[in-house]
Structure formats: C-alpha cells, structure tokens
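Student: Here it is, the structure in full.
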Amino acid sequence: MSAISQFWRTGPRRDPNTIAYIVLIVVGALAPIFLQLFLGGTATFWLTVFADMGVYILLAIGLNVVVGFAGLLDLGYAAFFAIGAYTYAFLASEHGIVTPLHEAFHVPFWIVLLVAMFVAASFGLILGAPTLRLRGDYLAIVTLGFGEIVPRVFKNASVWTSGANGVSALDIPALPVWIQGPWSGDPFAIVQDFKILAPLAYYVIMFVLLILCVILVRNLHSSRLGRAWMAVREDEVAAAAMGVNTVATKLYAFAIGAAFSGFAGTYYAAKLSLVSPENFGFSVSITILVMVVLGGMGNIAGVIIGSAVIYSVIFIFLPQLPDYATSFVQSVGLSGLTQSSGDYPGIGEFISRLKFLVFGLILVVVMLLRPQGLLPSRQREQELQKGVHEDTTIVDVNAETA
Amino acid sequence: MGTIGEAIRQRRSLLRSGGTGLILNAGLVLLVALFGILLIQRIYDQGASFFLQILAFALANGGIYALIALGYTMVYGIIELINFAHGDVFAFGTFLSASLIPIFGLAEGQAFGPGTALALVVVFVVTMLVCGVLNVSIERIAYRPLRNAPRLAPLITAVGMSFFLEGVLFLWKGPSNVHYPDILPSAGVQIFGATLGVKEVVVLVIAVVLMVALALFVDRTRLGKAMRATAQDRDAALLMGIDIDQTIAATFFIGAVLAGAGGTMFGLYYNTSVFDLGFSAGLFAFTAAVFGGIGNIYGAAIGGMFIGIIRSFWDGYFDSAWTDVVIFAILILTLVFRPTGIMGMRVPEK
C-alpha cells in the first residue's frame with residue numbers, strides 16, 4: 001500500500017499527465033473487451049472508428065512537435081499526410097501499371113511505414129530548409145501554400161495519380177507469419193503471409209504504434225533537442241546567442257513532425273485501401289491544429305485527449321446530431337423548424353452545417369480564455385499566460401493612462 | 001540583447017549564401033525565363049485580339065486582388081499579424097451585397113440608368129461600412145486581448161476567426177455556389193477584335209479610385225500619419241500621444257472597407273460567390289501583398305495587378321488546373337528568395 005501512496009504523492013498528484021497516461025492506456029487496452037461485452041455485434045464498427053481516431057491522434061502528436069515543442073505554426077500539415085498516403089499507394093498496389101513506369105510494386109506495409117516516414121521527412125526538409133529562416137508567421141503562410149499545392153498536384157498530375165479518382169485497391173497489410181487459433185475462431189495453424197482484415201487487428205496495430213510514438217516523442221522532448229526546441233520557442237535570438245543552431249533545431253522539428261504525418265498517412269491509406277486528393281485539404285490541417293490547441297500545445301497527454309474529444313465531436317457526435325435535433329424538435333411540437341424555407345435549410349441540415357463555425361469558435365475561445373489548453377504543459381502555460389516580457393512596461397503605462 | 005544573436009545570424013547567412021544560393025537564384029531566373037519565352041510564343045500564336053481580351057480580364061482581376069491585398073498589407077504593416085479572416089471578410093462582402101441588391105430595388109435585366117447607379121453606390125457604401133465594422137469587431141474580440149501574447153496566439157485566433165466567418169457564410173447559404181444578381185450592363189466596346197466590357201471598366205475605375213483615395217489618406221491626413229507612426233514604432237508612437245488602439249482599429253476598418261468594395265465588385269463581375277471564396281481569394285491576395293512587399297501599400301497594389309495578370313494569363317495560355325499551384329508557388333518562392341517583396345520594407349524581427 002505504501003508503495004502506491006508513495007507513487008501517488010510523487011507522481012500523479014504533482015503531474016496530472018501521469019493520471020492521463022494511465023487512464024488512456026487502461027481505456028485503450030480494455031476498450032475492445034468492453035466493446036465486445038456490451039455491444040456485441042456492433043463492436044467491430046466502433047473498433048474501426050477508434051482506429052480512425054488513432055490516425056488523428058498520431059497526426060496531432062506529430063503536429064504537437066512542430067507547434068507545441070518548437071512553436072512553429074504549420075498550416076499545411078495535411079500535405080505530409082497526403083505524401084505518406086500516396087507513398088503507400090505507389091509502393092503497394094497495382095497502380096504502377098497505369099503510370100508511365102508500367103510496373104507495379106508490392107512493398108510490404110511495415111517497410112512502407114518506414115519509407116513513408118523518410119519520404120515525408122525529406123519533403124519537410126525540402127520545404128523547411130529555405131523557409132525556416134523566415135519569421136514565424138511567414139512560415140505559417142508558406143506551409144499553408146504548400147498544403148494547398150500538394151493535393152492539387154496529386155489531383156492534376158493524373159498520369160501518375162489517376163487524378164481526382166485517386167488510387168484504389170491498395171495492398172492489404174500482411175504479417176509474414178501468424179499463428180491462427182481459437183482466438184480468431186479458426187483451428188490451430190501456422191499461416192504464412194497472413195492478411196490483416198479484422199478491425200480488431202487494425203485497432204491493436206494503431207494502439208501499439210501510438211504507444212511507441214508517445215514514448216519516442218516524450219524522450220525527444222526531454223533530450224538535448226527537446227530543450228533546444230523550448231529555447232528557440234521562447235526566444236530565438238537568445239537561443240542563438242547561447243549557441244543553439246536555431247535553423248537546424250527548427251528543421252529537426254519540422255522533419256520529425258512531417259515524418260509522423262507520413263507514418264499516419266501510410267496507415268490511413270492501408271486501412272482505407274484508397275487514397276484520393278480530396279481527403280487532404282486545408283480542413284484536415286485545421287482539424288489537427290484544433291486538436292493540438294484544445295488539448296494543450298506542448299503536452300502529449302493533453303494533445304491525445306484533445307484529439308479524442310475533437311474526433312468524437314466532429315466524426316461521431318456531429319453526424320448524428322441532425323437526426324437527434326430533428327426528432328427532438330418534432331417531439332417538442334416545433335416541427336415547423338424542420339421545414340426548409342428560403343436560405344434556411346431545416347434544422348437537420350442547419351446543424352450539420354455547424355462544423356466550420358464550431359472549429360473557429362474553439363480556436364478563438366481556447367486562445368482567449370485558456371491558451372494553455374485542456375491539459376496544459378506547465379512551461380507552455382507560463383509562457384502563454386505571462387506573454388512576452390519586453391512589452392510589459394508599455395502595458396503598465398497604458399493601464400495608468402486609460 | 002538582440003544584437004549578439006543578430007550578428008551571429010548575419011554571419012551565418014553570409015556564409016550560407018555562397019555557392020548554393022547562387023545556383024538556386026540562377027535556376028529560378030532560368031525557369032522564369034523559360035516560361036517567359038513559352039508565353040511569348042503562345043501569345044504570338046494566338047494573336048493580338050486574344051491577348052487584349054486576356055489583358056482586360058487580367059486588369060479587372062488584378063484590381064479586385066489589389067483591393068483585398070491592401071487590407072492584408074496594412075494590418076501586417078501595423079501589428080505584424082496575418083489577418084487570415086480578411087479574405088472571409090471579403091467573401092462576406094459578396095454575400096452581403098448580393099442580399100442588399102434586391103433590397104435597394106435593383107434587379108437583373110433592369111435598364112441601367114442614373115437611379116440604378118445611385119442605388120448601386122448605396123449598396124457599395126453599406127457593404128463597405130458593414131465589412132469595416134465587422135473587421136473592427138474581429139480585431140477587438142480576437143486580436144487586441146492577445147497583443148502582448150506570444151505571436152503564435154493571435155495567429156491561431158486569426159485562423160479561428162477565418163473559420164468562424166466561413167462557418168457563418170456556410171450556415172447562411174450552404175455549400176453550393178450562390179448566384180449574384182447580374183445588374184451591370186453587359187455591353188462593351190470592340191478594340192482590335194477584343195471586347196472591353198463595361199464591367200471591366202467599372203471594376204478597374206472603382207479600384208483605381210479607391211487606391212488613390214487610400215494613398216492620399218495615408219499620405220496626407222492626421223490619422224494616416226498616426227498609422228505610419230504606429231507601424232514604424234508602436235512604443236514611440238504611444239509616447240508621442242497617439243492613441244494606438246484607435247489607430248489600429250482604424251487600420252482594420254479601412255482594410256475591410258476596401259475588402260467590402262472588392263467583394264461587391266467581385267460579385268458584380270463574376271456573378272457568383274461561395275462560402276469558402278475567402279480562403280482562395282484571400283490566399284491569392286496575400287500572395288499579392290507578399291509579392292509587392294508586405295507592409296507597403298503601393299507594393300500591394302502592384303502585387304495585386306501582378307497576381308491578376310498571372311492568373312488570367314495562365315488560365316488563358318496554359319492549363320487553368322495548375323493556376324492555383326503556380327500562384328502558391330510564387331508565394332513560396334517570393335518568401336524564400338525575396339521575403340521583402342519587390343518593393344518591400346524591412347520588417348525587423350522583434
């Protein structure tokens with residue numbers, strides 16, 4: 001008992017992140033069992049949903065490296081996601097036949113995961129190397145431009161990418177060897193080249209990937225590089241004066257962030273077995289940014305919670321809300337609201353149009369009222385609340401004259 | 001404190017800008033020259049009347065982009081913030097004026113006389129004022145409380161405000177294209193086989209008049225002087241007795257007034273609008289502002305014209321599917337090779 005109380009006193013009570021991590025791991029590990037127990041048949045549907053949520057969590061963790069750790073605003077993050085997804089599409093499907101190469105590649109999923117990381121990171125380097133010297137807000141606009149260019153290139157270069165139709169029938173990820181047994185409802189057997197089809201398998205893969213990534217990013221954060229990121233974020237000039245190579249530091253953040261996005265893109269493409277340029281627009285970049293900002297920039301546990309919340313709201317709650325609202329309005333006796341008139345499309349459609357508005361509100365309200373996010377990083381909280389110190393004298397003068 | 005880091009950075013950038021910089025610059029010049037030759041050849045092939053037609057489109061387009069770009073550049077010049085919501089204020093202008101036109105008794109197919117012209121002027125003025133008030137409210141709510149926060153914070157609220165406005169427009173008219181009443185006469189004069197329409201002339205004249213008015217305002221009036229002072233050194237301006245908050249609010253107001261005018265002109269010219277128009281138009285206009293040199297109003301006007309020309313000529317002579325890519329590439333290349341634009345001011349890192 002005393003060990004537990006000791007742990008409590010030194011760990012969770014000081015740092016809410018520990019609780020968050022424990023809760024997340026327990027929930028994540030037990031979710032499939034409970035879903036099976038309580039929902040039975042529809043459990044597989046929810047497992048698919050949660051695996052998709054994992055993609056966004058992965059993306060948010062990666063964007064957190066860029067925005068949260070290094071303080072660089074990346075508004076084109078979905079571009080690297082697209083690059084990762086298309087890397088899988090090129091390396092693991094029959095699509096190569098119809099391109100001018102006339103040759104199809106079938107590289108295993110696990111290798112493409114790594115390849116896509118490097119491809120995305122290289123694009124991050126190519127974009128970042130000339131632009132990271134710029135001021136922070138210029139970087140935001142450069143990434144925004146890049147984020148618009150990439151999907152358009154995939155859409156327009158139809159000789160290589162089939163244009164707006166995208167690439168479909170991608171390879172199903174496979175394990176080289178797998179032992180079948182009663183746990184999957186089959187007789188015992190050793191299977192070679194086992195194709196991964198079950199939603200549970202995708203869920204487990206995502207869960208393991210997430211744990212690995214969280215450990216990796218946590219270690220990065222407390223490494224020399226992580227401290228350099230913090231220094232650059234707080235005061236770039238001072239960091240440079242202290243001997244931090246600011247450009248290289250920012251470049252690392254950018255490339256590592258891009259690598260995560262490429263990684264997530266490959267998983268996404270493999271699971272969906274389809275890539276299309278429409279899936280990687282600006283709204284994806286913004287969704288991920290909202291997740292990071294809401295959860296708490298710079299804090300991994302916070303970012304995971306933020307992405308879980310946003311994902312649930314956007315992809316689970318909002319799509320169902322119109323039906324609820326329609327039936328609610330009818331049961332209250334205001335069925336006139338369900339009729340469309342003029343520009344008003346009826347309550348159901350009206351509510352389904354709320355997404356953009358909600359996103360905008362979250363970004364503005366969080367930055368104004370709680371800039372450190374739901375579950376803040378302590379250092380970031382100090383920075384964001386105290387603000388930039390050099391202007392404080394002027395603010396005081398202002399307060400007196402006002 | 002800044003001087004040491006600045007010195008180190010300058011030394012480093014000097015070291016770096018040796019060989020690779022030269023090769024990159026040469027490559028860029030070569031690429032531009034290649035496209036220039038290709039363009040000249042195609043212009044020659046297609047004939048003079050096609051060229052003049054495209055030029056007319058380009059100038060009208062450029063006038064609209066220039067008006068939006070002015071708002072970006074003024075706001076950036078004074079508080080160094082990319083007002084992402086600015087493009088959406090412009091889109092709001094198209095939506096609002098589209099709704100105002102029937103209210104002031106204008107309808108499609110109506111004969112265009114002095115009465116209708118007056119009503120149109122009223123539509124312009126009301127749209128411009130409402131857009132101005134909207135932008136000032138945005139500044140008051142989302143930017144002013146964060147003026148002393150780290151720079152990331154107002155940038156994120158700016159993106160949030162942009163999405164919020166887009167959301168409002170989406171709620172208002174839904175996802176599909178919105179028809180804008182076609183009330184300007186579609187007549188035109190023939191010049192060398194090209195048609196110079198009344199629409200193009202109206203758009204260009206209004207844009208030029210507004211830009212000249214703005215230049216005079218910033219150059220000659222007391223408030224304009226206050227704006228320039230605040231942009232140069234906010235603290236010093238404060239010590240000289242300038243009301244910073246009011247000056248910044250005025251900047252937002254004037255920027256949005258121009259965007260509102262641009263929105264009305266866009267609607268009258270293209271007769272269509274859509275809820276996320278502000279995103280692409282805003283990004284194009286921002287490219288114009290960057291190309292001209294952000295913070296410089298003459299630069300924004302020239303940059304807007306340049307982007308209009310690039311857009312129309314690419315649409316006309318090359319593949320229009322790639323126009324967006326070309327313009328965003330110009331944005332990135334300008335920022336990489338000449339962040340101060342063609343006639344930009346130096347923006348110190350603060």
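Order determines the names: the first chain of the structure tokens is A, the second B, and so forth; residues in each chain are numbered 1 upward, and ligands are numbered 1 upward as they are shown.
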Find the residues around Ile61 of chain A up to 9 Å (only C-alpha atoms counted), leave out those fewer than 2 positions away in its own chain, and share them as a list in words.
Tutor: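 Within the cut-off, the hits are Tyr56, Ile57, Leu58, Leu59, Leu63, Asn64, Val65, Cys213, Val214, Val217, Gly257, Phe260, Val292, Ile300, Val303 and Ile304 of chain A.
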Student: Report as a list in words the set of chain A residues whose atoms approach chain B to within 7 Å, with distances computed over only C-alpha atoms.
Tutor: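 Putting it all together, I get Leu73, Pro130, Thr131, Val142, Gly145, Ile149, Arg152, Asn156, Val237, Ala238, Ala240, Ala241, Asp343, Phe350, Arg353, Leu354, Phe356, Leu357, Phe359, Gly360, Leu361, Leu363, Val364, Met367, Leu384, Gly387, Val388 and Asp391 of chain A.
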Student: Provide the atom CA of Arg338 of chain B to atom CA of Leu134 of chain A distance in Å, to one decimal place.
Tutor: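 Between atom CA of Arg338 of chain B and atom CA of Leu134 of chain A the gap is 10.5 Å.
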Student: Applying 12 Å and only C-alpha atoms, which residues near Ala117 of chain B remain after dropping the ones on its own chain fewer than 6 positions away? List them as a count of residues only.
Tutor: 12
Student: Rounded to one decimal place, report the atom CA of Ser377 of chain A-atom CA of Ala308 of chain A distance in Å.
Tutor: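 Atom CA of Ser377 of chain A sits 17.7 Å away from atom CA of Ala308 of chain A.
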